[in-house]
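start_28.cif follows (mmCIF, C-alpha atoms):
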```cif
data_target
loop_
_atom_site.group_PDB
_atom_site.id
_atom_site.type_symbol
_atom_site.label_atom_id
_atom_site.label_comp_id
_atom_site.auth_asym_id
_atom_site.auth_seq_id
_atom_site.Cartn_x
_atom_site.Cartn_y
_atom_site.Cartn_z
ATOM 1 C CA ILE B 1 -11.852 10.861 53.275
ATOM 2 C CA ILE B 2 -13.946 10.017 56.328
ATOM 3 C CA PHE B 3 -17.637 10.879 56.583
ATOM 4 C CA MET B 4 -19.708 10.499 59.743
ATOM 5 C CA ILE B 5 -21.405 7.108 59.808
ATOM 6 C CA ASN B 6 -24.084 5.280 61.784
ATOM 7 C CA ARG B 7 -26.325 8.333 61.931
ATOM 8 C CA LYS B 8 -29.992 7.689 61.261
ATOM 9 C CA ILE B 9 -31.101 9.836 58.335
ATOM 10 C CA VAL B 10 -34.842 10.435 58.090
ATOM 11 C CA ASP B 11 -35.932 10.369 54.448
ATOM 12 C CA THR B 12 -39.427 11.833 54.214
ATOM 13 C CA LYS B 13 -41.554 12.423 51.120
ATOM 14 C CA ILE B 14 -44.228 15.111 51.347
ATOM 15 C CA ASP B 15 -46.826 16.521 48.965
ATOM 16 C CA ILE B 16 -47.333 20.261 49.427
ATOM 17 C CA ILE B 17 -50.249 22.051 47.736
ATOM 18 C CA ASN B 18 -49.430 25.402 46.162
ATOM 19 C CA SER B 19 -51.586 28.480 45.567
ATOM 20 C CA THR B 20 -53.081 27.031 42.347
ATOM 21 C CA GLY B 21 -54.028 23.734 43.996
ATOM 22 C CA GLU B 22 -51.197 21.783 42.403
ATOM 23 C CA LYS B 23 -49.015 19.257 44.225
ATOM 24 C CA ILE B 24 -45.340 20.011 44.824
ATOM 25 C CA PHE B 25 -43.248 16.994 45.759
ATOM 26 C CA LEU B 26 -40.794 17.623 48.597
ATOM 27 C CA GLN B 27 -38.188 15.138 49.785
ATOM 28 C CA THR B 28 -36.304 15.714 53.033
ATOM 29 C CA PHE B 29 -33.062 14.243 54.356
ATOM 30 C CA ARG B 30 -32.710 14.989 58.062
ATOM 31 C CA HIS B 31 -30.846 14.099 61.222
ATOM 32 C CA GLU B 32 -32.333 15.148 64.548
ATOM 33 C CA ASN B 33 -29.203 16.986 65.755
ATOM 34 C CA ASN B 34 -28.565 19.108 62.664
ATOM 35 C CA LYS B 35 -28.833 22.866 63.158
ATOM 36 C CA LYS B 36 -28.453 24.040 59.575
ATOM 37 C CA ALA B 37 -30.374 23.170 56.422
ATOM 38 C CA ILE B 38 -30.477 23.798 52.696
ATOM 39 C CA ILE B 39 -33.301 24.114 50.198
ATOM 40 C CA TYR B 40 -32.245 22.411 46.984
ATOM 41 C CA PHE B 41 -33.026 23.611 43.422
ATOM 42 C CA HIS B 42 -32.588 21.083 40.605
ATOM 43 C CA GLY B 43 -31.682 21.721 36.970
ATOM 44 C CA ILE B 44 -33.727 22.131 33.792
ATOM 45 C CA GLU B 45 -33.843 18.417 32.929
ATOM 46 C CA GLY B 46 -33.562 16.932 36.388
ATOM 47 C CA HIS B 47 -35.489 16.470 39.607
ATOM 48 C CA CYS B 48 -34.640 16.238 43.291
ATOM 49 C CA ASP B 49 -33.772 12.532 43.160
ATOM 50 C CA TRP B 50 -30.643 13.404 41.166
ATOM 51 C CA PHE B 51 -29.348 15.007 44.381
ATOM 52 C CA ALA B 52 -30.309 12.169 46.745
ATOM 53 C CA GLN B 53 -26.818 10.682 47.132
ATOM 54 C CA THR B 54 -25.263 14.055 47.980
ATOM 55 C CA ALA B 55 -28.234 14.981 50.177
ATOM 56 C CA ASN B 56 -27.659 11.898 52.322
ATOM 57 C CA ILE B 57 -23.969 12.727 52.740
ATOM 58 C CA LEU B 58 -24.749 16.323 53.735
ATOM 59 C CA ALA B 59 -27.358 15.183 56.258
ATOM 60 C CA GLU B 60 -24.860 12.694 57.694
ATOM 61 C CA ASN B 61 -22.433 15.562 58.157
ATOM 62 C CA GLY B 62 -24.560 18.221 59.798
ATOM 63 C CA CYS B 63 -26.741 19.841 57.111
ATOM 64 C CA ASP B 64 -30.332 18.759 56.493
ATOM 65 C CA VAL B 65 -31.694 18.890 52.948
ATOM 66 C CA PHE B 66 -35.127 19.887 51.632
ATOM 67 C CA ALA B 67 -35.239 19.055 47.907
ATOM 68 C CA TYR B 68 -38.357 19.767 45.876
ATOM 69 C CA ASP B 69 -39.457 19.134 42.302
ATOM 70 C CA ARG B 70 -40.590 22.222 40.408
ATOM 71 C CA LEU B 71 -44.009 22.139 38.786
ATOM 72 C CA GLY B 72 -43.754 20.112 35.585
ATOM 73 C CA CYS B 73 -40.777 18.141 36.918
ATOM 74 C CA GLY B 74 -40.232 14.883 38.763
ATOM 75 C CA LEU B 75 -43.157 13.835 40.960
ATOM 76 C CA SER B 76 -44.789 17.273 41.093
ATOM 77 C CA ASP B 77 -47.927 18.212 39.190
ATOM 78 C CA GLY B 78 -47.972 20.343 36.079
ATOM 79 C CA VAL B 79 -47.342 19.993 32.353
ATOM 80 C CA ARG B 80 -43.967 18.318 31.771
ATOM 81 C CA GLY B 81 -41.232 20.829 30.980
ATOM 82 C CA HIS B 82 -43.577 23.786 31.380
ATOM 83 C CA ILE B 83 -43.209 27.073 33.249
ATOM 84 C CA GLU B 84 -46.357 29.154 33.128
ATOM 85 C CA SER B 85 -44.832 32.098 34.978
ATOM 86 C CA TYR B 86 -41.601 32.795 36.817
ATOM 87 C CA LYS B 87 -43.733 34.509 39.446
ATOM 88 C CA GLN B 88 -45.473 31.193 40.179
ATOM 89 C CA LEU B 89 -42.071 29.590 40.765
ATOM 90 C CA ILE B 90 -41.341 32.284 43.347
ATOM 91 C CA LEU B 91 -44.692 31.688 45.069
ATOM 92 C CA ASP B 92 -44.041 27.937 45.150
ATOM 93 C CA LEU B 93 -40.628 28.491 46.700
ATOM 94 C CA LYS B 94 -42.138 30.705 49.388
ATOM 95 C CA ILE B 95 -44.428 27.821 50.368
ATOM 96 C CA ILE B 96 -41.406 25.525 50.713
ATOM 97 C CA ILE B 97 -39.537 28.112 52.778
ATOM 98 C CA ASP B 98 -42.544 28.654 55.041
ATOM 99 C CA TYR B 99 -42.910 24.898 55.514
ATOM 100 C CA VAL B 100 -39.288 24.578 56.657
ATOM 101 C CA LYS B 101 -39.446 27.626 58.941
ATOM 102 C CA ASP B 102 -42.799 26.622 60.483
ATOM 103 C CA ASN B 103 -41.872 23.016 61.211
ATOM 104 C CA TYR B 104 -38.209 23.196 62.227
ATOM 105 C CA THR B 105 -35.901 25.405 64.292
ATOM 106 C CA TYR B 106 -32.729 25.720 62.235
ATOM 107 C CA THR B 107 -30.197 28.378 63.137
ATOM 108 C CA ASN B 108 -29.326 28.836 59.462
ATOM 109 C CA ILE B 109 -31.116 28.003 56.202
ATOM 110 C CA GLY B 110 -29.326 28.318 52.860
ATOM 111 C CA TYR B 111 -29.863 27.624 49.179
ATOM 112 C CA PHE B 112 -28.134 24.891 47.194
ATOM 113 C CA ALA B 113 -28.708 24.922 43.442
ATOM 114 C CA SER B 114 -27.433 22.901 40.504
ATOM 115 C CA CYS B 115 -27.266 23.901 36.830
ATOM 116 C CA TRP B 116 -30.399 25.839 35.748
ATOM 117 C CA GLY B 117 -31.657 25.807 39.330
ATOM 118 C CA ALA B 118 -29.016 28.422 40.131
ATOM 119 C CA LYS B 119 -30.973 30.976 38.114
ATOM 120 C CA LEU B 120 -34.122 30.310 40.124
ATOM 121 C CA ALA B 121 -32.245 30.507 43.430
ATOM 122 C CA LEU B 122 -30.579 33.792 42.472
ATOM 123 C CA MET B 123 -33.811 35.295 41.181
ATOM 124 C CA ALA B 124 -35.484 34.375 44.482
ATOM 125 C CA ILE B 125 -32.927 36.343 46.514
ATOM 126 C CA SER B 126 -34.270 39.629 45.195
ATOM 127 C CA GLY B 127 -37.841 38.367 44.722
ATOM 128 C CA LEU B 128 -38.569 37.274 48.297
ATOM 129 C CA ASP B 129 -38.243 38.877 51.728
ATOM 130 C CA PHE B 130 -36.522 35.716 52.973
ATOM 131 C CA LYS B 131 -32.755 35.871 52.507
ATOM 132 C CA PRO B 132 -30.772 32.635 52.744
ATOM 133 C CA GLY B 133 -27.879 32.559 55.176
ATOM 134 C CA PHE B 134 -25.573 31.176 52.484
ATOM 135 C CA ILE B 135 -25.637 29.922 48.881
ATOM 136 C CA VAL B 136 -23.975 26.990 47.135
ATOM 137 C CA LEU B 137 -24.118 26.849 43.324
ATOM 138 C CA THR B 138 -22.781 23.817 41.457
ATOM 139 C CA SER B 139 -22.171 24.152 37.717
ATOM 140 C CA PRO B 140 -24.561 27.129 37.566
ATOM 141 C CA ALA B 141 -25.978 27.462 34.041
ATOM 142 C CA ILE B 142 -26.336 31.237 34.169
ATOM 143 C CA PHE B 143 -24.299 31.421 30.956
ATOM 144 C CA THR B 144 -24.083 28.463 28.590
ATOM 145 C CA GLN B 145 -22.017 27.420 25.591
ATOM 146 C CA ILE B 146 -24.746 25.216 24.132
ATOM 147 C CA ASP B 147 -27.759 26.493 22.214
ATOM 148 C CA ILE B 148 -30.778 25.231 20.321
ATOM 149 C CA THR B 149 -30.561 24.981 16.536
ATOM 150 C CA PHE B 150 -31.665 27.653 14.062
ATOM 151 C CA VAL B 151 -34.560 25.422 13.029
ATOM 152 C CA GLU B 152 -35.703 25.185 16.652
ATOM 153 C CA LYS B 153 -35.424 28.963 17.049
ATOM 154 C CA PHE B 154 -37.605 29.442 13.979
ATOM 155 C CA LYS B 155 -40.058 26.940 15.436
ATOM 156 C CA ILE B 156 -40.142 28.894 18.703
ATOM 157 C CA LEU B 157 -40.873 32.162 16.903
ATOM 158 C CA TYR B 158 -43.573 30.517 14.785
ATOM 159 C CA PHE B 159 -45.415 28.972 17.727
ATOM 160 C CA PHE B 160 -44.924 32.079 19.864
ATOM 161 C CA ILE B 161 -46.650 34.202 17.214
ATOM 162 C CA LEU B 162 -49.504 31.672 17.104
ATOM 163 C CA ASN B 163 -49.668 31.712 20.931
ATOM 164 C CA LYS B 164 -49.164 27.935 21.070
ATOM 165 C CA ASN B 165 -47.422 28.022 24.427
ATOM 166 C CA LEU B 166 -47.447 24.276 25.120
ATOM 167 C CA GLU B 167 -45.616 23.206 21.960
ATOM 168 C CA LEU B 168 -42.377 21.427 22.850
ATOM 169 C CA VAL B 169 -38.761 22.129 21.924
ATOM 170 C CA LYS B 170 -36.000 19.568 22.491
ATOM 171 C CA LEU B 171 -33.256 20.617 24.892
ATOM 172 C CA PRO B 172 -29.731 20.412 23.386
ATOM 173 C CA ILE B 173 -28.292 18.331 26.237
ATOM 174 C CA LEU B 174 -26.748 14.879 25.839
ATOM 175 C CA THR B 175 -26.167 12.454 28.687
ATOM 176 C CA SER B 176 -22.436 12.574 27.905
ATOM 177 C CA MET B 177 -22.555 16.328 28.656
ATOM 178 C CA LEU B 178 -24.017 15.694 32.098
ATOM 179 C CA THR B 179 -21.415 13.171 33.241
ATOM 180 C CA ASN B 180 -18.547 11.001 32.064
ATOM 181 C CA ASN B 181 -19.317 8.442 34.771
ATOM 182 C CA GLU B 182 -20.591 5.405 32.867
ATOM 183 C CA LYS B 183 -22.312 3.873 35.879
ATOM 184 C CA PHE B 184 -24.965 6.641 35.643
ATOM 185 C CA PHE B 185 -25.529 6.437 31.870
ATOM 186 C CA ASP B 186 -28.342 3.872 32.017
ATOM 187 C CA TYR B 187 -30.060 5.674 34.880
ATOM 188 C CA LEU B 188 -30.022 9.021 33.081
ATOM 189 C CA ASP B 189 -30.922 7.604 29.652
ATOM 190 C CA ASN B 190 -33.890 5.673 31.062
ATOM 191 C CA ASP B 191 -35.076 8.144 33.683
ATOM 192 C CA LYS B 192 -38.771 8.609 32.869
ATOM 193 C CA TYR B 193 -38.848 11.818 34.911
ATOM 194 C CA ARG B 194 -36.015 13.482 33.019
ATOM 195 C CA ASN B 195 -37.319 16.455 31.025
ATOM 196 C CA ARG B 196 -35.763 16.332 27.559
ATOM 197 C CA PHE B 197 -38.230 18.890 26.162
ATOM 198 C CA ILE B 198 -39.357 22.333 27.253
ATOM 199 C CA THR B 199 -42.452 24.283 26.248
ATOM 200 C CA ILE B 200 -42.472 27.518 24.255
ATOM 201 C CA ARG B 201 -43.860 29.360 27.256
ATOM 202 C CA ALA B 202 -41.116 27.956 29.484
ATOM 203 C CA LEU B 203 -38.469 29.231 27.067
ATOM 204 C CA ILE B 204 -39.957 32.724 27.186
ATOM 205 C CA GLU B 205 -40.106 32.643 30.997
ATOM 206 C CA ASN B 206 -36.532 31.368 31.038
ATOM 207 C CA LEU B 207 -35.397 34.564 29.295
ATOM 208 C CA LYS B 208 -36.943 36.597 32.123
ATOM 209 C CA ILE B 209 -35.452 34.318 34.769
ATOM 210 C CA SER B 210 -32.003 34.562 33.174
ATOM 211 C CA TYR B 211 -32.171 38.360 33.137
ATOM 212 C CA LEU B 212 -33.224 38.529 36.802
ATOM 213 C CA ALA B 213 -30.552 36.008 37.823
ATOM 214 C CA ILE B 214 -27.781 37.978 36.124
ATOM 215 C CA LYS B 215 -28.991 41.201 37.761
ATOM 216 C CA SER B 216 -29.028 39.497 41.172
ATOM 217 C CA ALA B 217 -25.253 39.846 41.718
ATOM 218 C CA LYS B 218 -25.711 43.069 43.678
ATOM 219 C CA HIS B 219 -28.149 41.323 46.036
ATOM 220 C CA VAL B 220 -25.788 38.443 46.888
ATOM 221 C CA LYS B 221 -24.254 39.655 50.136
ATOM 222 C CA MET B 222 -24.226 36.356 52.026
ATOM 223 C CA PRO B 223 -21.433 33.729 51.847
ATOM 224 C CA ILE B 224 -21.436 31.965 48.482
ATOM 225 C CA LEU B 225 -19.624 28.897 47.153
ATOM 226 C CA ILE B 226 -19.499 28.143 43.427
ATOM 227 C CA CYS B 227 -18.341 24.670 42.369
ATOM 228 C CA LEU B 228 -17.271 24.163 38.754
ATOM 229 C CA SER B 229 -15.981 21.384 36.560
ATOM 230 C CA GLN B 230 -12.732 22.056 34.714
ATOM 231 C CA ASN B 231 -14.118 20.778 31.393
ATOM 232 C CA ASP B 232 -17.848 21.452 31.653
ATOM 233 C CA LYS B 233 -19.392 21.176 28.172
ATOM 234 C CA ILE B 234 -22.571 23.066 29.106
ATOM 235 C CA ILE B 235 -21.722 26.267 30.967
ATOM 236 C CA ASP B 236 -19.633 29.199 29.726
ATOM 237 C CA LYS B 237 -17.046 29.377 32.509
ATOM 238 C CA ASP B 238 -15.397 32.630 31.384
ATOM 239 C CA LYS B 239 -18.657 34.578 31.351
ATOM 240 C CA LEU B 240 -19.664 33.016 34.645
ATOM 241 C CA LEU B 241 -16.417 33.989 36.376
ATOM 242 C CA ASN B 242 -16.784 37.536 35.075
ATOM 243 C CA TRP B 243 -20.280 37.612 36.615
ATOM 244 C CA VAL B 244 -18.917 36.238 39.908
ATOM 245 C CA SER B 245 -16.505 39.172 40.077
ATOM 246 C CA LYS B 246 -19.547 41.479 40.343
ATOM 247 C CA ILE B 247 -21.054 39.702 43.355
ATOM 248 C CA ASN B 248 -21.163 41.974 46.404
ATOM 249 C CA SER B 249 -20.473 39.267 48.983
ATOM 250 C CA LEU B 250 -17.231 39.650 50.916
ATOM 251 C CA ASN B 251 -17.167 35.891 51.389
ATOM 252 C CA LYS B 252 -17.193 34.184 47.997
ATOM 253 C CA ASP B 253 -15.355 31.026 47.098
ATOM 254 C CA VAL B 254 -14.920 29.485 43.642
ATOM 255 C CA LYS B 255 -13.696 25.892 43.507
ATOM 256 C CA ILE B 256 -12.852 24.299 40.152
ATOM 257 C CA PHE B 257 -12.654 20.504 40.213
ATOM 258 C CA ASN B 258 -10.542 18.430 37.848
ATOM 259 C CA SER B 259 -13.568 16.921 36.161
ATOM 260 C CA ASN B 260 -15.432 16.605 32.873
ATOM 261 C CA SER B 261 -18.839 16.221 34.516
ATOM 262 C CA HIS B 262 -21.367 19.019 34.445
ATOM 263 C CA CYS B 263 -23.337 17.196 37.162
ATOM 264 C CA LEU B 264 -20.783 16.927 39.946
ATOM 265 C CA ASP B 265 -23.284 14.797 41.861
ATOM 266 C CA PHE B 266 -22.787 12.100 39.182
ATOM 267 C CA ASP B 267 -19.010 12.431 38.945
ATOM 268 C CA VAL B 268 -16.518 9.546 39.051
ATOM 269 C CA ASP B 269 -15.740 8.251 42.534
ATOM 270 C CA MET B 270 -12.559 10.136 43.422
ATOM 271 C CA ASN B 271 -13.772 13.465 42.007
ATOM 272 C CA TYR B 272 -17.102 12.972 43.749
ATOM 273 C CA LYS B 273 -15.404 12.390 47.110
ATOM 274 C CA ASP B 274 -13.309 15.520 46.645
ATOM 275 C CA TYR B 275 -16.448 17.463 45.785
ATOM 276 C CA THR B 276 -18.550 16.256 48.736
ATOM 277 C CA GLN B 277 -15.687 16.686 51.192
ATOM 278 C CA TYR B 278 -15.191 20.258 49.991
ATOM 279 C CA LEU B 279 -18.914 20.942 50.485
ATOM 280 C CA ILE B 280 -18.811 19.569 54.026
ATOM 281 C CA ASN B 281 -15.711 21.549 54.964
ATOM 282 C CA TRP B 282 -17.086 24.783 53.502
ATOM 283 C CA LEU B 283 -20.459 24.407 55.220
ATOM 284 C CA ASN B 284 -18.823 23.641 58.562
ATOM 285 C CA LYS B 285 -16.498 26.621 58.207
ATOM 286 C CA ILE B 286 -18.979 29.188 56.940
ATOM 287 C CA VAL B 287 -22.188 28.160 58.674
#
```
Can the structure in the file be given as structure tokens, please?
Amino acid sequence: IIFMINRKIVDTKIDIINSTGEKIFLQTFRHENNKKAIIYFHGIEGHCDWFAQTANILAENGCDVFAYDRLGCGLSDGVRGHIESYKQLILDLKIIIDYVKDNYTYTNIGYFASCWGAKLALMAISGLDFKPGFIVLTSPAIFTQIDITFVEKFKILYFFILNKNLELVKLPILTSMLTNNEKFFDYLDNDKYRNRFITIRALIENLKISYLAIKSAKHVKMPILICLSQNDKIIDKDKLLNWVSKINSLNKDVKIFNSNSHCLDFDVDMNYKDYTQYLINWLNKIV
């Protein structure tokens, strides 16, 4: 597998202020000759740095990357693990989109979303006037096979009734579910920006986001690629594939990799190379 080399990638870190005066951290990976770009959406526990390795490879091969941390995640402002309103997430995304459109002249801008971020990207398709030219979803957690415990559900109901929206609930995700690549275990286990808890309010907003994401299938008319792991321990692949069958796009591609990693960006070397090469080929063919 041969990637382009010796291309200078510009890695820029920017703080963007949203409508509530909070800072949104945006990291860009760019090459001056690239004509297409993606806006990246990270997962429920992660942040944009989890995508940095793949972002560099995509920028080296013709597609610039704009990866931002949601409020409450990574280097952005906000209460850790909190979502006050799904509508605020849409407004924040619009600011990112406007920044890219106002400062660069790409011929095509798409969405790239991992895990939970897929729900936000899909919700945004029907929630904003801007329509991406294409979509890539990796291990999209639209349907999952993991769940919080009965005790946690009781706790959620109790605090919801008391209107204690900032109380925290532990997410049922283990590092071994994210990847089987041992070289990333220490990084993920000791990542101080990894969100292992989510607020009661965020859980309620997540229900709304999930509903809107599922209903978005009829709005997906642009080319879409969905990358899956053969033995993902987080997503419900059967339900997801049934949902994919309802997408209206005439150009949809599902690629299942021989992998155990939910986070394909942290996969073992050979699987990771297959994954990134497939992304490059698809982007060059479709875009």
Residues within 7 Å of (-35.4, 37.0, 40.8), file coords, all atoms listed in the file, listed as an MDAnalysis selection string: chainID B and resid 120 122:127 209 212:213 216
Those selected residues, please, written with C-alpha atoms and delivered as a PDB file, in the frame of the given file.
```
ATOM      1  CA  LEU B 120     -34.122  30.310  40.124  1.00  0.00           C
ATOM      2  CA  LEU B 122     -30.579  33.792  42.472  1.00  0.00           C
ATOM      3  CA  MET B 123     -33.811  35.295  41.181  1.00  0.00           C
ATOM      4  CA  ALA B 124     -35.484  34.375  44.482  1.00  0.00           C
ATOM      5  CA  ILE B 125     -32.927  36.343  46.514  1.00  0.00           C
ATOM      6  CA  SER B 126     -34.270  39.629  45.195  1.00  0.00           C
ATOM      7  CA  GLY B 127     -37.841  38.367  44.722  1.00  0.00           C
ATOM      8  CA  ILE B 209     -35.452  34.318  34.769  1.00  0.00           C
ATOM      9  CA  LEU B 212     -33.224  38.529  36.802  1.00  0.00           C
ATOM     10  CA  ALA B 213     -30.552  36.008  37.823  1.00  0.00           C
ATOM     11  CA  SER B 216     -29.028  39.497  41.172  1.00  0.00           C
TER      12      SER B 216
END
```
Please evaluate the PyMOL selection byres ((chain B and resi 264) around 8) against the structure above and give the resulting residues as a CSV table (one decimal) with C-alpha atoms, in the coordinates of the input.
```
chain,number,residue,atom,x,y,z
B,138,THR,CA,-22.8,23.8,41.5
B,139,SER,CA,-22.2,24.2,37.7
B,179,THR,CA,-21.4,13.2,33.2
B,229,SER,CA,-16.0,21.4,36.6
B,261,SER,CA,-18.8,16.2,34.5
B,262,HIS,CA,-21.4,19.0,34.4
B,263,CYS,CA,-23.3,17.2,37.2
B,265,ASP,CA,-23.3,14.8,41.9
B,266,PHE,CA,-22.8,12.1,39.2
B,267,ASP,CA,-19.0,12.4,38.9
B,272,TYR,CA,-17.1,13.0,43.7
B,275,TYR,CA,-16.4,17.5,45.8
```
Separation of CA of Pro132 (chain B) from CA of Asn206 (chain B) in Å: 22.5 Å
Among listed residues B:Asn108, B:Val254, B:Asn260, B:Ala121, nearest Asn242 (chain B) (using only C-alpha atoms): B:Val254
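By chain and then residue number, the residues within 12 Å of Lys153 (chain B) are B:Asp147, B:Ile148, B:Tyr158, B:Phe159, B:Phe160, B:Leu168, B:Val169, B:Lys170, B:Leu171, B:Ile200, B:Leu203, B:Ile204, counting only C-alpha atoms and disregarding those fewer than 5 positions away in sequence.
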Explicit residue set for the PyMOL selection byres ((chain B and resi 144) around 10), as a VMD selection string: chain B and resid 115 to 116 140 to 143 145 to 147 232 to 237 239 to 240
Answer key for the PyMOL selection byres ((chain B and resi 45) around 12), residues as an MDAnalysis selection string: chainID B and resid 41:44 46:50 69:70 72:74 80:82 114:117 170:175 178 188:189 191:198 263
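If you look at CA of Asp98 (chain B) and CA of Asp64 (chain B), they are 15.8 Å away from each other.
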Selected residue, from B:Ile90, B:Asp269, B:Arg30, B:Glu84, that lies nearest to Phe184 (chain B) when counting all atoms listed in the file: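 Looking only at the distances to Phe184 (chain B), the closest residue turns out to be B:Asp269.
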Between CA of Ile135 (chain B) and CA of Tyr99 (chain B), distance in Å (one decimal):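 Pair CA of Ile135 (chain B) / CA of Tyr99 (chain B) returns 19.2 Å.
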Contact residues around Ser76 (chain B) with all atoms listed in the file at 9 Å, ignoring same-chain residues under 5 positions, as a list in words: Asp15, Glu22, Lys23, Ile24, Phe25, Leu26, Tyr68, Asp69, Arg70 and Leu71 of chain B
Put the listed atoms of region 146-160 of chain B in a box along x, y and z with 5 Å added on every side and give me the centre and edge lengths in Å to one decimal, as AutoDock Vina command-line options.
```
--center_x -35.1 --center_y 28.6 --center_z 18.6 --size_x 30.7 --size_y 17.2 --size_z 21.1
```
Incomplete region 247-263 of chain B brought to N, CA, C and O atoms, written out as a CSV table (one decimal), in the frame of the given file:
```csv
chain,number,residue,atom,x,y,z
B,247,ILE,N,-20.3,40.0,42.2
B,247,ILE,CA,-21.1,39.7,43.4
B,247,ILE,C,-20.6,40.5,44.5
B,247,ILE,O,-19.4,40.7,44.7
B,248,ASN,N,-21.5,41.1,45.3
B,248,ASN,CA,-21.2,42.0,46.4
B,248,ASN,C,-20.7,41.3,47.7
B,248,ASN,O,-20.1,41.9,48.5
B,249,SER,N,-20.9,40.0,47.8
B,249,SER,CA,-20.5,39.3,49.0
B,249,SER,C,-19.0,39.4,49.2
B,249,SER,O,-18.1,39.3,48.3
B,250,LEU,N,-18.6,39.6,50.5
B,250,LEU,CA,-17.2,39.6,50.9
B,250,LEU,C,-16.7,38.3,51.2
B,250,LEU,O,-15.5,38.1,51.4
B,251,ASN,N,-17.6,37.3,51.1
B,251,ASN,CA,-17.2,35.9,51.4
B,251,ASN,C,-17.6,35.0,50.2
B,251,ASN,O,-18.7,34.4,50.3
B,252,LYS,N,-16.8,35.0,49.2
B,252,LYS,CA,-17.2,34.2,48.0
B,252,LYS,C,-16.0,33.3,47.7
B,252,LYS,O,-14.9,33.7,47.7
B,253,ASP,N,-16.4,32.1,47.3
B,253,ASP,CA,-15.4,31.0,47.1
B,253,ASP,C,-15.7,30.3,45.8
B,253,ASP,O,-16.8,29.9,45.6
B,254,VAL,N,-14.7,30.2,44.9
B,254,VAL,CA,-14.9,29.5,43.6
B,254,VAL,C,-14.0,28.3,43.7
B,254,VAL,O,-12.7,28.5,43.8
B,255,LYS,N,-14.5,27.1,43.5
B,255,LYS,CA,-13.7,25.9,43.5
B,255,LYS,C,-13.9,25.2,42.2
B,255,LYS,O,-15.0,24.8,41.8
B,256,ILE,N,-12.8,25.0,41.4
B,256,ILE,CA,-12.9,24.3,40.2
B,256,ILE,C,-12.3,22.9,40.3
B,256,ILE,O,-11.1,22.8,40.7
B,257,PHE,N,-13.1,21.9,40.0
B,257,PHE,CA,-12.7,20.5,40.2
B,257,PHE,C,-12.1,19.9,38.9
B,257,PHE,O,-12.6,20.3,37.8
B,258,ASN,N,-11.2,19.1,39.0
B,258,ASN,CA,-10.5,18.4,37.8
B,258,ASN,C,-11.5,17.4,37.3
B,258,ASN,O,-11.3,16.2,37.6
B,259,SER,N,-12.5,17.8,36.6
B,259,SER,CA,-13.6,16.9,36.2
B,259,SER,C,-14.1,17.3,34.8
B,259,SER,O,-14.0,18.5,34.4
B,260,ASN,N,-14.7,16.3,34.1
B,260,ASN,CA,-15.4,16.6,32.9
B,260,ASN,C,-16.9,16.6,33.1
B,260,ASN,O,-17.7,16.9,32.1
B,261,SER,N,-17.4,16.4,34.3
B,261,SER,CA,-18.8,16.2,34.5
B,261,SER,C,-19.5,17.6,34.8
B,261,SER,O,-19.0,18.3,35.7
B,262,HIS,N,-20.6,17.9,34.1
B,262,HIS,CA,-21.4,19.0,34.4
B,262,HIS,C,-22.1,18.8,35.8
B,262,HIS,O,-22.1,19.6,36.6
B,263,CYS,N,-22.7,17.6,35.9
B,263,CYS,CA,-23.3,17.2,37.2
B,263,CYS,C,-22.3,16.6,38.1
B,263,CYS,O,-22.0,15.4,38.0
```
